[in-house]
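Colleague: Once you've had a glance at the structure underneath, I'll fire off some questions.
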Amino acid sequence: MGTDFTLGFDTAVNTAIEAIDKIRDTAASHNRLFFIEVMGRDSGYLALWAGVAGGAEDILLPESKTNVADLVNKLEEGVKKGKESSIVVVAEGDEGGGAMKIAEEVKKKFNYDTRVSILGHIQRGGTPTACDRILGTKFGVFAVESLLKGETDKMTGIQKNQLVLVDLKKAIKHHSPLDKHLIRYSRFLSI
C-alpha cells in the first residue's frame, strides 16, 4: 500500500510474460489449455498485469471469487469460436485453491488437454529490468536523503511518478486496490 510499484515488480511481470509467451507457443502447437500460476499470495496485482500483457483468456485473482462453471463456459465459448488453445493465469493466492486444484476442477467439466505450469519463485530471480534498476536508484537516494532529514519508520514509494514516504505500518497492514480499468480491459481482450 502506498506505492504504485514495488521494487522488482517490473522484473517479475516481465519474467512471467516471457514464460507465458513460451507456454502459449506450446499450447498452440499441441491444442492445450494451460493454467499458469504466478506469484500473488495476497494480491493479484502481478497476475493481472501479466495476464493482460500475456493475452490470457482469463485471470484468477485472490480479490475475487473463482467460479469454475463461469470459467468453463468461457473456455467452451472460445472453442466454439475456433480457439484451439487457451491460457489462464492464476495468482497463487486465488481462493479457488491455486492452479493445480482449479485445473482439476475444470478438467472434470471441460474435456480438454490441460496442463499446469507453476512459475513460483522463478519470478523473484534473474537480471532486473532497466525500470527496476532506475527505481532502485531513485528509492535508495530518496531513502538516504529522507533519513538524513530525520524521517524514520517510512517506506519509500512512488505515486503518480513522484517519490513519496509512506507510513510503514500503513504499507504493511493494507493492500492497494487492483486497477478496475485493467480488470475491465482483461475481459475485453479475452473475448
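Letters for chains follow the order of the C-alpha cells (A, B, ...), residue numbers begin at 1 for each chain, and ligand numbers begin at 1 in the order shown.
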At a cut-off of 9 Å, can you tabulate as JSON lines every residue of stretch 106-174 of chain A near stretch 16-24 of chain A together with its closest atom pair and the distance in Å to one decimal, using only C-alpha atoms and ordering rows by chain then number?

Modeller:
{"residue": "A:Ser117", "atom": "CA", "partner": "A:Ile23", "partner_atom": "CA", "distance": 8.5}
{"residue": "A:Leu119", "atom": "CA", "partner": "A:Ala16", "partner_atom": "CA", "distance": 7.4}
{"residue": "A:Ile122", "atom": "CA", "partner": "A:Ala16", "partner_atom": "CA", "distance": 8.6}
{"residue": "A:Gln123", "atom": "CA", "partner": "A:Ala16", "partner_atom": "CA", "distance": 6.5}

Colleague: Please write the residues from the selection above to a file, keeping C-alpha atoms, as a CSV table (one decimal), in the first residue's frame.

Modeller:
chain,number,residue,atom,x,y,z
A,117,SER,CA,2.8,-24.6,-15.0
A,119,LEU,CA,6.2,-20.2,-12.2
A,122,ILE,CA,11.5,-18.0,-10.8
A,123,GLN,CA,9.9,-14.6,-10.9

Colleague: Any idea what's packed within 12 Å of stretch 25-32 of chain A, counting only C-alpha atoms, ignoring anything in its chain fewer than 5 positions away? Could you give it as a list in words?

Modeller: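 Within the cut-off, the hits are Glu18, Ala19, Ile20, Gly54, Ala56, Leu75, Val79, Gly82, Lys83, Glu84, Ser85, Ser86, Ile87, Val88, Lys107, Phe110, Asn111, Tyr112, Asp113, Thr114, Arg115, Val116 and Ser117 of chain A.
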
Colleague: Any chance you can output those residues with N, CA and C atoms as a compact mmCIF listing (two decimals), in the first residue's frame?

Modeller:
# COMPACT_ATOMS: atom_id res chain seq x y z
N GLU A 18 7.35 -13.44 -20.30
CA GLU A 18 8.24 -14.26 -21.12
C GLU A 18 7.84 -15.73 -21.03
N ALA A 19 7.54 -16.20 -19.83
CA ALA A 19 7.12 -17.59 -19.65
C ALA A 19 5.76 -17.84 -20.33
N ILE A 20 4.83 -16.91 -20.16
CA ILE A 20 3.51 -17.06 -20.78
C ILE A 20 3.65 -17.14 -22.30
N GLY A 54 0.09 -10.71 -21.30
CA GLY A 54 0.32 -12.00 -21.94
C GLY A 54 -0.86 -12.53 -22.73
N ALA A 56 -3.95 -13.52 -21.70
CA ALA A 56 -4.64 -14.67 -21.11
C ALA A 56 -6.14 -14.63 -21.39
N LEU A 75 -14.26 -20.87 -21.57
CA LEU A 75 -13.35 -21.70 -22.36
C LEU A 75 -14.10 -22.42 -23.48
N VAL A 79 -13.63 -22.21 -27.65
CA VAL A 79 -13.51 -23.36 -28.57
C VAL A 79 -14.53 -23.22 -29.70
N GLY A 82 -13.41 -21.08 -32.37
CA GLY A 82 -12.25 -21.54 -33.11
C GLY A 82 -10.93 -21.53 -32.36
N LYS A 83 -10.95 -21.14 -31.09
CA LYS A 83 -9.70 -21.17 -30.33
C LYS A 83 -9.29 -22.62 -30.11
N GLU A 84 -8.04 -22.90 -30.41
CA GLU A 84 -7.54 -24.26 -30.24
C GLU A 84 -6.66 -24.41 -29.01
N SER A 85 -6.39 -23.29 -28.33
CA SER A 85 -5.60 -23.33 -27.10
C SER A 85 -5.99 -22.13 -26.25
N SER A 86 -5.72 -22.23 -24.96
CA SER A 86 -6.05 -21.14 -24.06
C SER A 86 -5.04 -21.07 -22.93
N ILE A 87 -4.91 -19.86 -22.38
CA ILE A 87 -4.05 -19.62 -21.23
C ILE A 87 -4.92 -19.00 -20.13
N VAL A 88 -4.81 -19.54 -18.92
CA VAL A 88 -5.46 -18.97 -17.76
C VAL A 88 -4.35 -18.67 -16.74
N LYS A 107 -11.03 -29.65 -15.50
CA LYS A 107 -10.89 -30.86 -16.32
C LYS A 107 -12.08 -31.81 -16.15
N PHE A 110 -14.67 -29.94 -18.47
CA PHE A 110 -14.24 -29.46 -19.79
C PHE A 110 -13.20 -30.44 -20.30
N ASN A 111 -13.59 -31.29 -21.21
CA ASN A 111 -12.71 -32.35 -21.70
C ASN A 111 -11.72 -31.76 -22.70
N TYR A 112 -10.60 -31.31 -22.16
CA TYR A 112 -9.58 -30.67 -22.99
C TYR A 112 -8.22 -31.03 -22.42
N ASP A 113 -7.23 -31.16 -23.28
CA ASP A 113 -5.88 -31.47 -22.83
C ASP A 113 -5.37 -30.30 -21.98
N THR A 114 -5.23 -30.53 -20.69
CA THR A 114 -4.93 -29.47 -19.74
C THR A 114 -3.59 -29.69 -19.06
N ARG A 115 -2.85 -28.60 -18.91
CA ARG A 115 -1.55 -28.64 -18.24
C ARG A 115 -1.48 -27.48 -17.25
N VAL A 116 -0.60 -27.64 -16.26
CA VAL A 116 -0.37 -26.60 -15.26
C VAL A 116 1.11 -26.29 -15.22
N SER A 117 1.42 -25.02 -15.17
CA SER A 117 2.80 -24.59 -15.00
C SER A 117 2.83 -23.58 -13.85

Colleague: Rank A:Phe34, A:Tyr45, A:Phe139, A:Tyr185 by their smallest atom-to-atom distance to A:Leu163, using only C-alpha atoms, and report the top residue only.

Modeller: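 Looking only at the distances to A:Leu163, the closest residue turns out to be A:Phe139.
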
Colleague: Take atom CA of A:Asp167 and atom CA of A:His121 and report the distance between them in Å, one decimal.

Modeller: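 Separation between atom CA of A:Asp167 and atom CA of A:His121: 28.0 Å.
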
Colleague: Taking only C-alpha atoms into account, name the residue in A:Pro177, A:Gly96, A:Pro128, A:Gly136 that is nearest to A:Gly157.

Modeller: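 Smallest distance to A:Gly157 is found for A:Gly136.
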
Colleague: Write out as a PDB file with N, CA and C atoms, in the first residue's frame the set of residues from stretch 51-162 of chain A that DSSP, computed on the backbone, places in strand (DSSP E or B).

Modeller:
ATOM      1  N   ASP A  58      -8.282 -15.844 -19.321  1.00  0.00           N
ATOM      2  CA  ASP A  58      -8.877 -15.486 -18.038  1.00  0.00           C
ATOM      3  C   ASP A  58      -7.764 -15.300 -17.015  1.00  0.00           C
ATOM      4  N   ILE A  59      -8.065 -14.525 -15.974  1.00  0.00           N
ATOM      5  CA  ILE A  59      -7.107 -14.243 -14.910  1.00  0.00           C
ATOM      6  C   ILE A  59      -7.844 -14.433 -13.595  1.00  0.00           C
ATOM      7  N   LEU A  60      -7.319 -15.319 -12.754  1.00  0.00           N
ATOM      8  CA  LEU A  60      -7.962 -15.621 -11.478  1.00  0.00           C
ATOM      9  C   LEU A  60      -7.174 -14.972 -10.354  1.00  0.00           C
ATOM     10  N   SER A  86      -5.722 -22.235 -24.965  1.00  0.00           N
ATOM     11  CA  SER A  86      -6.047 -21.140 -24.063  1.00  0.00           C
ATOM     12  C   SER A  86      -5.042 -21.074 -22.928  1.00  0.00           C
ATOM     13  N   ILE A  87      -4.914 -19.862 -22.380  1.00  0.00           N
ATOM     14  CA  ILE A  87      -4.053 -19.619 -21.226  1.00  0.00           C
ATOM     15  C   ILE A  87      -4.919 -19.003 -20.130  1.00  0.00           C
ATOM     16  N   VAL A  88      -4.806 -19.542 -18.925  1.00  0.00           N
ATOM     17  CA  VAL A  88      -5.458 -18.966 -17.755  1.00  0.00           C
ATOM     18  C   VAL A  88      -4.353 -18.669 -16.741  1.00  0.00           C
ATOM     19  N   VAL A  89      -4.234 -17.404 -16.348  1.00  0.00           N
ATOM     20  CA  VAL A  89      -3.244 -17.011 -15.353  1.00  0.00           C
ATOM     21  C   VAL A  89      -3.918 -17.034 -13.986  1.00  0.00           C
ATOM     22  N   VAL A  90      -3.250 -17.655 -13.026  1.00  0.00           N
ATOM     23  CA  VAL A  90      -3.797 -17.810 -11.682  1.00  0.00           C
ATOM     24  C   VAL A  90      -2.808 -17.234 -10.674  1.00  0.00           C
ATOM     25  N   ALA A  91      -3.269 -16.294  -9.848  1.00  0.00           N
ATOM     26  CA  ALA A  91      -2.438 -15.818  -8.738  1.00  0.00           C
ATOM     27  C   ALA A  91      -2.393 -16.929  -7.697  1.00  0.00           C
ATOM     28  N   THR A 114      -5.225 -30.533 -20.695  1.00  0.00           N
ATOM     29  CA  THR A 114      -4.934 -29.470 -19.737  1.00  0.00           C
ATOM     30  C   THR A 114      -3.591 -29.686 -19.065  1.00  0.00           C
ATOM     31  N   ARG A 115      -2.846 -28.604 -18.914  1.00  0.00           N
ATOM     32  CA  ARG A 115      -1.549 -28.638 -18.236  1.00  0.00           C
ATOM     33  C   ARG A 115      -1.484 -27.479 -17.245  1.00  0.00           C
ATOM     34  N   VAL A 116      -0.602 -27.642 -16.262  1.00  0.00           N
ATOM     35  CA  VAL A 116      -0.373 -26.602 -15.259  1.00  0.00           C
ATOM     36  C   VAL A 116       1.108 -26.292 -15.218  1.00  0.00           C
ATOM     37  N   SER A 117       1.420 -25.020 -15.170  1.00  0.00           N
ATOM     38  CA  SER A 117       2.801 -24.586 -15.000  1.00  0.00           C
ATOM     39  C   SER A 117       2.831 -23.583 -13.846  1.00  0.00           C
ATOM     40  N   ILE A 118       3.627 -23.892 -12.839  1.00  0.00           N
ATOM     41  CA  ILE A 118       3.737 -23.013 -11.678  1.00  0.00           C
ATOM     42  C   ILE A 118       5.079 -22.297 -11.760  1.00  0.00           C
ATOM     43  N   LYS A 154       9.363   4.812   7.737  1.00  0.00           N
ATOM     44  CA  LYS A 154       8.711   5.126   6.464  1.00  0.00           C
ATOM     45  C   LYS A 154       9.204   4.176   5.376  1.00  0.00           C
ATOM     46  N   MET A 155       8.362   3.979   4.402  1.00  0.00           N
ATOM     47  CA  MET A 155       8.718   3.219   3.215  1.00  0.00           C
ATOM     48  C   MET A 155       8.811   4.209   2.065  1.00  0.00           C
ATOM     49  N   THR A 156       9.799   4.028   1.212  1.00  0.00           N
ATOM     50  CA  THR A 156       9.841   4.844   0.005  1.00  0.00           C
ATOM     51  C   THR A 156       8.869   4.244  -0.995  1.00  0.00           C
ATOM     52  N   GLY A 157       8.176   5.111  -1.681  1.00  0.00           N
ATOM     53  CA  GLY A 157       7.221   4.661  -2.679  1.00  0.00           C
ATOM     54  C   GLY A 157       7.193   5.632  -3.833  1.00  0.00           C
ATOM     55  N   ILE A 158       6.398   5.290  -4.821  1.00  0.00           N
ATOM     56  CA  ILE A 158       6.218   6.169  -5.968  1.00  0.00           C
ATOM     57  C   ILE A 158       4.727   6.216  -6.271  1.00  0.00           C
ATOM     58  N   GLN A 159       4.201   7.430  -6.361  1.00  0.00           N
ATOM     59  CA  GLN A 159       2.789   7.637  -6.669  1.00  0.00           C
ATOM     60  C   GLN A 159       2.692   8.686  -7.763  1.00  0.00           C
ATOM     61  N   GLN A 162       5.855  10.367  -8.676  1.00  0.00           N
ATOM     62  CA  GLN A 162       6.502  11.210  -7.669  1.00  0.00           C
ATOM     63  C   GLN A 162       6.936  10.329  -6.499  1.00  0.00           C
TER      64      GLN A 162
END
